[in-house]
Each structure stands twice: as C-alpha cells, then as structure tokens.
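To be precise, the following lines are start.txt, and they hold compact mmCIF, N, CA and C atoms.
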```txt
# COMPACT_ATOMS: atom_id res chain seq x y z
N MET A 1 29.01 6.96 -5.76
CA MET A 1 29.56 7.66 -4.62
C MET A 1 29.16 9.13 -4.69
N LEU A 2 28.74 9.66 -3.57
CA LEU A 2 28.28 11.04 -3.52
C LEU A 2 29.40 11.97 -3.07
N THR A 3 29.40 13.17 -3.64
CA THR A 3 30.34 14.19 -3.17
C THR A 3 29.77 14.83 -1.91
N SER A 4 30.58 15.60 -1.22
CA SER A 4 30.11 16.24 0.01
C SER A 4 29.01 17.27 -0.27
N LYS A 5 29.08 17.95 -1.42
CA LYS A 5 28.04 18.92 -1.77
C LYS A 5 26.73 18.22 -2.10
N GLN A 6 26.81 17.09 -2.80
CA GLN A 6 25.60 16.32 -3.10
C GLN A 6 24.98 15.78 -1.81
N ARG A 7 25.83 15.29 -0.92
CA ARG A 7 25.36 14.76 0.36
C ARG A 7 24.66 15.86 1.16
N ALA A 8 25.23 17.05 1.20
CA ALA A 8 24.63 18.19 1.91
C ALA A 8 23.30 18.58 1.29
N TYR A 9 23.24 18.57 -0.03
CA TYR A 9 22.00 18.89 -0.75
C TYR A 9 20.91 17.87 -0.39
N LEU A 10 21.27 16.59 -0.39
CA LEU A 10 20.30 15.54 -0.07
C LEU A 10 19.86 15.60 1.40
N ARG A 11 20.77 15.96 2.30
CA ARG A 11 20.41 16.13 3.71
C ARG A 11 19.35 17.21 3.86
N GLY A 12 19.51 18.29 3.12
CA GLY A 12 18.53 19.37 3.17
C GLY A 12 17.16 18.94 2.67
N ILE A 13 17.14 18.15 1.63
CA ILE A 13 15.87 17.64 1.11
C ILE A 13 15.24 16.67 2.11
N ALA A 14 16.04 15.79 2.67
CA ALA A 14 15.53 14.75 3.57
C ALA A 14 15.01 15.31 4.88
N GLN A 15 15.39 16.51 5.22
CA GLN A 15 14.97 17.10 6.49
C GLN A 15 13.44 17.16 6.60
N SER A 16 12.76 17.40 5.51
CA SER A 16 11.30 17.51 5.53
C SER A 16 10.60 16.17 5.30
N TYR A 17 11.36 15.12 5.01
CA TYR A 17 10.77 13.80 4.74
C TYR A 17 10.33 13.11 6.03
N GLU A 18 9.28 12.32 5.92
CA GLU A 18 8.82 11.49 7.03
C GLU A 18 9.54 10.15 6.99
N THR A 19 9.69 9.52 8.15
CA THR A 19 10.27 8.19 8.25
C THR A 19 9.27 7.19 7.69
N ILE A 20 9.69 6.36 6.71
CA ILE A 20 8.74 5.44 6.12
C ILE A 20 8.99 3.98 6.50
N PHE A 21 10.15 3.68 7.11
CA PHE A 21 10.44 2.31 7.56
C PHE A 21 11.01 2.35 8.96
N GLN A 22 10.66 1.32 9.74
CA GLN A 22 11.22 1.17 11.07
C GLN A 22 11.81 -0.23 11.18
N ILE A 23 12.97 -0.31 11.82
CA ILE A 23 13.64 -1.58 12.01
C ILE A 23 13.58 -1.91 13.49
N GLY A 24 12.93 -3.03 13.81
CA GLY A 24 12.72 -3.40 15.20
C GLY A 24 13.50 -4.64 15.58
N LYS A 25 12.93 -5.42 16.51
CA LYS A 25 13.64 -6.58 17.03
C LYS A 25 13.82 -7.67 15.99
N GLY A 26 13.03 -7.64 14.92
CA GLY A 26 13.17 -8.61 13.84
C GLY A 26 14.42 -8.37 13.00
N GLY A 27 14.99 -7.20 13.12
CA GLY A 27 16.20 -6.87 12.38
C GLY A 27 15.93 -6.64 10.90
N ILE A 28 16.93 -6.93 10.08
CA ILE A 28 16.87 -6.69 8.65
C ILE A 28 16.52 -8.01 7.95
N SER A 29 15.33 -8.05 7.38
CA SER A 29 14.86 -9.26 6.70
C SER A 29 14.86 -9.05 5.19
N GLU A 30 14.68 -10.14 4.46
CA GLU A 30 14.60 -10.05 2.99
C GLU A 30 13.40 -9.20 2.57
N ASN A 31 12.31 -9.33 3.32
CA ASN A 31 11.11 -8.55 3.02
C ASN A 31 11.39 -7.05 3.15
N LEU A 32 12.10 -6.67 4.20
CA LEU A 32 12.46 -5.26 4.40
C LEU A 32 13.34 -4.76 3.26
N ILE A 33 14.32 -5.57 2.86
CA ILE A 33 15.23 -5.17 1.77
C ILE A 33 14.43 -4.97 0.48
N THR A 34 13.49 -5.86 0.21
CA THR A 34 12.65 -5.74 -0.99
C THR A 34 11.83 -4.45 -0.95
N GLN A 35 11.24 -4.16 0.20
CA GLN A 35 10.43 -2.95 0.33
C GLN A 35 11.28 -1.69 0.22
N VAL A 36 12.47 -1.71 0.82
CA VAL A 36 13.37 -0.55 0.73
C VAL A 36 13.81 -0.34 -0.71
N ASN A 37 14.13 -1.42 -1.41
CA ASN A 37 14.51 -1.32 -2.82
C ASN A 37 13.40 -0.70 -3.65
N ASP A 38 12.16 -1.15 -3.43
CA ASP A 38 11.02 -0.59 -4.17
C ASP A 38 10.84 0.89 -3.86
N ALA A 39 10.97 1.26 -2.59
CA ALA A 39 10.82 2.67 -2.21
C ALA A 39 11.93 3.52 -2.80
N LEU A 40 13.16 3.01 -2.81
CA LEU A 40 14.28 3.75 -3.40
C LEU A 40 14.09 3.94 -4.90
N LYS A 41 13.54 2.93 -5.56
CA LYS A 41 13.30 3.04 -7.00
C LYS A 41 12.28 4.14 -7.29
N LYS A 42 11.27 4.24 -6.43
CA LYS A 42 10.20 5.21 -6.64
C LYS A 42 10.59 6.62 -6.18
N ARG A 43 11.22 6.72 -4.99
CA ARG A 43 11.49 8.03 -4.39
C ARG A 43 12.93 8.50 -4.48
N GLU A 44 13.88 7.58 -4.58
CA GLU A 44 15.33 7.82 -4.60
C GLU A 44 15.90 8.18 -3.22
N LEU A 45 15.15 8.85 -2.38
CA LEU A 45 15.64 9.29 -1.08
C LEU A 45 14.62 8.88 -0.03
N ILE A 46 15.05 8.07 0.96
CA ILE A 46 14.12 7.63 1.99
C ILE A 46 14.77 7.76 3.37
N LYS A 47 13.91 7.89 4.37
CA LYS A 47 14.36 8.01 5.76
C LYS A 47 13.86 6.79 6.52
N LEU A 48 14.77 6.19 7.32
CA LEU A 48 14.44 5.01 8.11
C LEU A 48 14.78 5.26 9.57
N ARG A 49 14.21 4.42 10.45
CA ARG A 49 14.45 4.58 11.88
C ARG A 49 14.72 3.21 12.49
N VAL A 50 15.67 3.17 13.42
CA VAL A 50 15.98 1.96 14.17
C VAL A 50 15.36 2.10 15.55
N LEU A 51 14.49 1.16 15.91
CA LEU A 51 13.83 1.20 17.21
C LEU A 51 14.78 0.76 18.33
N ASP A 52 14.43 1.10 19.55
CA ASP A 52 15.28 0.77 20.71
C ASP A 52 15.46 -0.72 20.91
N ASN A 53 14.46 -1.53 20.52
CA ASN A 53 14.56 -2.97 20.75
C ASN A 53 15.34 -3.71 19.66
N CYS A 54 15.92 -3.00 18.73
CA CYS A 54 16.72 -3.61 17.66
C CYS A 54 18.13 -3.87 18.18
N GLU A 55 18.71 -4.99 17.76
CA GLU A 55 20.06 -5.35 18.18
C GLU A 55 21.14 -4.50 17.50
N LEU A 56 20.80 -3.91 16.36
CA LEU A 56 21.76 -3.13 15.58
C LEU A 56 21.72 -1.66 15.96
N THR A 57 22.85 -0.99 15.83
CA THR A 57 22.85 0.47 15.95
C THR A 57 22.35 1.04 14.62
N SER A 58 22.04 2.31 14.62
CA SER A 58 21.54 2.91 13.37
C SER A 58 22.62 2.92 12.30
N ARG A 59 23.88 3.10 12.66
CA ARG A 59 24.98 3.08 11.69
C ARG A 59 25.14 1.68 11.09
N GLU A 60 25.08 0.64 11.93
CA GLU A 60 25.20 -0.73 11.43
C GLU A 60 24.05 -1.07 10.49
N ALA A 61 22.84 -0.69 10.88
CA ALA A 61 21.67 -0.96 10.04
C ALA A 61 21.77 -0.21 8.72
N ALA A 62 22.19 1.06 8.77
CA ALA A 62 22.32 1.86 7.55
C ALA A 62 23.34 1.24 6.60
N ASP A 63 24.48 0.83 7.15
CA ASP A 63 25.52 0.23 6.31
C ASP A 63 25.07 -1.09 5.70
N GLN A 64 24.38 -1.93 6.48
CA GLN A 64 23.92 -3.22 5.97
C GLN A 64 22.87 -3.06 4.88
N ILE A 65 21.90 -2.19 5.13
CA ILE A 65 20.84 -1.98 4.13
C ILE A 65 21.41 -1.33 2.88
N ALA A 66 22.31 -0.36 3.03
CA ALA A 66 22.92 0.30 1.87
C ALA A 66 23.70 -0.71 1.04
N GLU A 67 24.40 -1.62 1.68
CA GLU A 67 25.16 -2.63 0.96
C GLU A 67 24.24 -3.58 0.20
N GLN A 68 23.16 -4.00 0.84
CA GLN A 68 22.25 -4.96 0.21
C GLN A 68 21.39 -4.33 -0.88
N THR A 69 21.13 -3.03 -0.80
CA THR A 69 20.32 -2.35 -1.82
C THR A 69 21.17 -1.58 -2.83
N HIS A 70 22.49 -1.58 -2.64
CA HIS A 70 23.42 -0.85 -3.51
C HIS A 70 23.09 0.64 -3.53
N SER A 71 22.82 1.19 -2.35
CA SER A 71 22.50 2.61 -2.21
C SER A 71 23.59 3.30 -1.39
N ASP A 72 23.46 4.60 -1.23
CA ASP A 72 24.42 5.40 -0.46
C ASP A 72 23.78 5.88 0.83
N VAL A 73 24.55 5.84 1.91
CA VAL A 73 24.10 6.40 3.18
C VAL A 73 24.37 7.90 3.12
N VAL A 74 23.31 8.70 3.23
CA VAL A 74 23.44 10.15 3.18
C VAL A 74 23.81 10.68 4.55
N GLN A 75 23.09 10.22 5.59
CA GLN A 75 23.40 10.68 6.93
C GLN A 75 22.82 9.72 7.96
N VAL A 76 23.43 9.71 9.13
CA VAL A 76 22.94 8.95 10.28
C VAL A 76 22.93 9.91 11.46
N ILE A 77 21.75 10.13 12.02
CA ILE A 77 21.63 11.00 13.19
C ILE A 77 20.74 10.29 14.20
N GLY A 78 21.30 10.00 15.35
CA GLY A 78 20.54 9.32 16.40
C GLY A 78 20.05 7.97 15.92
N SER A 79 18.75 7.76 15.99
CA SER A 79 18.17 6.48 15.57
C SER A 79 17.70 6.51 14.11
N ARG A 80 17.85 7.63 13.44
CA ARG A 80 17.37 7.76 12.05
C ARG A 80 18.53 7.83 11.06
N PHE A 81 18.24 7.34 9.85
CA PHE A 81 19.23 7.46 8.79
C PHE A 81 18.53 7.63 7.45
N VAL A 82 19.28 8.18 6.49
CA VAL A 82 18.75 8.50 5.17
C VAL A 82 19.58 7.76 4.13
N LEU A 83 18.87 7.13 3.17
CA LEU A 83 19.50 6.42 2.07
C LEU A 83 19.13 7.06 0.75
N PHE A 84 20.04 7.01 -0.22
CA PHE A 84 19.81 7.54 -1.56
C PHE A 84 20.27 6.53 -2.60
N LYS A 85 19.45 6.35 -3.62
CA LYS A 85 19.83 5.51 -4.76
C LYS A 85 19.22 6.11 -6.01
N ARG A 86 20.08 6.46 -6.95
CA ARG A 86 19.66 7.09 -8.21
C ARG A 86 18.85 6.10 -9.05
N ASN A 87 17.73 6.55 -9.59
CA ASN A 87 16.94 5.77 -10.54
C ASN A 87 17.33 6.25 -11.93
N PRO A 88 18.11 5.45 -12.69
CA PRO A 88 18.59 5.93 -13.99
C PRO A 88 17.49 6.12 -15.04
N GLN A 89 16.40 5.36 -14.95
CA GLN A 89 15.33 5.49 -15.94
C GLN A 89 14.46 6.72 -15.69
N GLU A 90 14.08 6.94 -14.42
CA GLU A 90 13.20 8.06 -14.09
C GLU A 90 13.75 8.82 -12.88
N PRO A 91 14.77 9.66 -13.07
CA PRO A 91 15.33 10.39 -11.92
C PRO A 91 14.30 11.34 -11.29
N VAL A 92 14.26 11.35 -9.97
CA VAL A 92 13.33 12.21 -9.24
C VAL A 92 14.06 13.43 -8.72
N ILE A 93 15.27 13.24 -8.22
CA ILE A 93 16.05 14.32 -7.60
C ILE A 93 17.19 14.70 -8.55
N ASP A 94 17.32 16.00 -8.81
CA ASP A 94 18.37 16.50 -9.69
C ASP A 94 19.60 16.85 -8.85
N LEU A 95 20.63 16.01 -8.95
CA LEU A 95 21.86 16.26 -8.18
C LEU A 95 22.70 17.37 -8.78
N LYS A 96 22.39 17.79 -10.00
CA LYS A 96 23.14 18.89 -10.61
C LYS A 96 22.86 20.21 -9.87
N ALA A 97 21.75 20.28 -9.18
CA ALA A 97 21.42 21.47 -8.41
C ALA A 97 22.31 21.63 -7.19
N ALA A 98 23.03 20.57 -6.82
CA ALA A 98 23.90 20.61 -5.65
C ALA A 98 25.20 21.36 -5.90
N LYS A 99 25.48 21.72 -7.14
CA LYS A 99 26.78 22.35 -7.46
C LYS A 99 26.73 23.84 -7.32
```
Conversion result in structure tokens:
Amino acid sequence: MLTSKQRAYLRGIAQSYETIFQIGKGGISENLITQVNDALKKRELIKLRVLDNCELTSREAADQIAEQTHSDVVQVIGSRFVLFKRNPQEPVIDLKAAK
C-alpha cells in the first residue's frame, strides 16, 4: 500500500512516461496481464490507456489489472491510468525519496 506522499512522487515521475499498453474492445485478456506483469517487473511504473471502444471505464480496468497483477493504482485521469509494483530483487524507483 502506498502513502499519499509516495503516490504523489510516483505521479510526478509518471507524468513524463509514455503509454505502453492500450486496452480496446478485447478487454483484459490473460496475454495482457502477462505482458503488464513483465513490464511492471522491469520498469515498476507503467502507464496504460483505455480506448473508447472498450466496455470498461478506466477506473474499472485499472482496478481489475491491479488486482490480477498485485500492483497499486497510482492515478486514474481520463482514459489513462498508472500502475506501480515494487520489484524486490532489482528496485528501479527509490520510494525513500518521496519523504
């Protein structure tokens, strides 16, 4: 679970990130979950987008993917959302800087 300061710190970092996944009419598949898990392991912080033709809202998609990948939802704005999952073996982002 992230504190509000950690969440704010991660939002600032994610602002410059590009969207690397899009969720369309196919919805959330096992393949997408696998790819998101791999990206979270490598980067820890990723940005995703829900397309207009998707049946889910961005909040619903963020919550479902976060639950299935055991990650935290950092923020949801419009059609985009940001997920964070700490990599205990090789941390990329130092959350101690958020204090």
Could you give me, as number ranges by chain, the residues that have an atom at most 6 Å away from the point (23.2, 0.7, 2.4) in the coordinates of the file, using all atoms listed in the file?
-> A: 62-73
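In this structure, CA of Gly12 (chain A) sits 14.7 Å away from CA of Arg80 (chain A).
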Please run DSSP on the backbone and report, as a VMD selection string, all residues within chain A that come out as helix (DSSP H, G or I).
-> chain A and resid 4 to 14 30 to 43 58 to 69 95 to 98
With 4 Å on each side, where is the centre of the axis-aligned box around all listed atoms of region 18-35 of chain A, and how long are its edges in Å to one decimal, as JSON?
```
{"center_x": 12.8, "center_y": 1.1, "center_z": 8.0, "size_x": 16.2, "size_y": 30.5, "size_z": 26.0}
```
What gap, in Å, lies between CA of Tyr17 (chain A) and atom N of Glu30 (chain A)?
->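 Pair CA of Tyr17 (chain A) / atom N of Glu30 (chain A) returns 24.3 Å.
For the choices A:Ala97, A:Val74, A:Ile28, A:Ile33, the atom-to-atom distance to Glu60 (chain A) is smallest for A:Ile28 when using only C-alpha atoms.
Atom N of Val50 (chain A) lies 16.1 Å from CA of Phe84 (chain A).
Checking A:Ile93, A:Leu56, A:Met1, A:Ala98 one by one against Lys25 (chain A), counting only C-alpha atoms, you find the shortest gap at A:Leu56.
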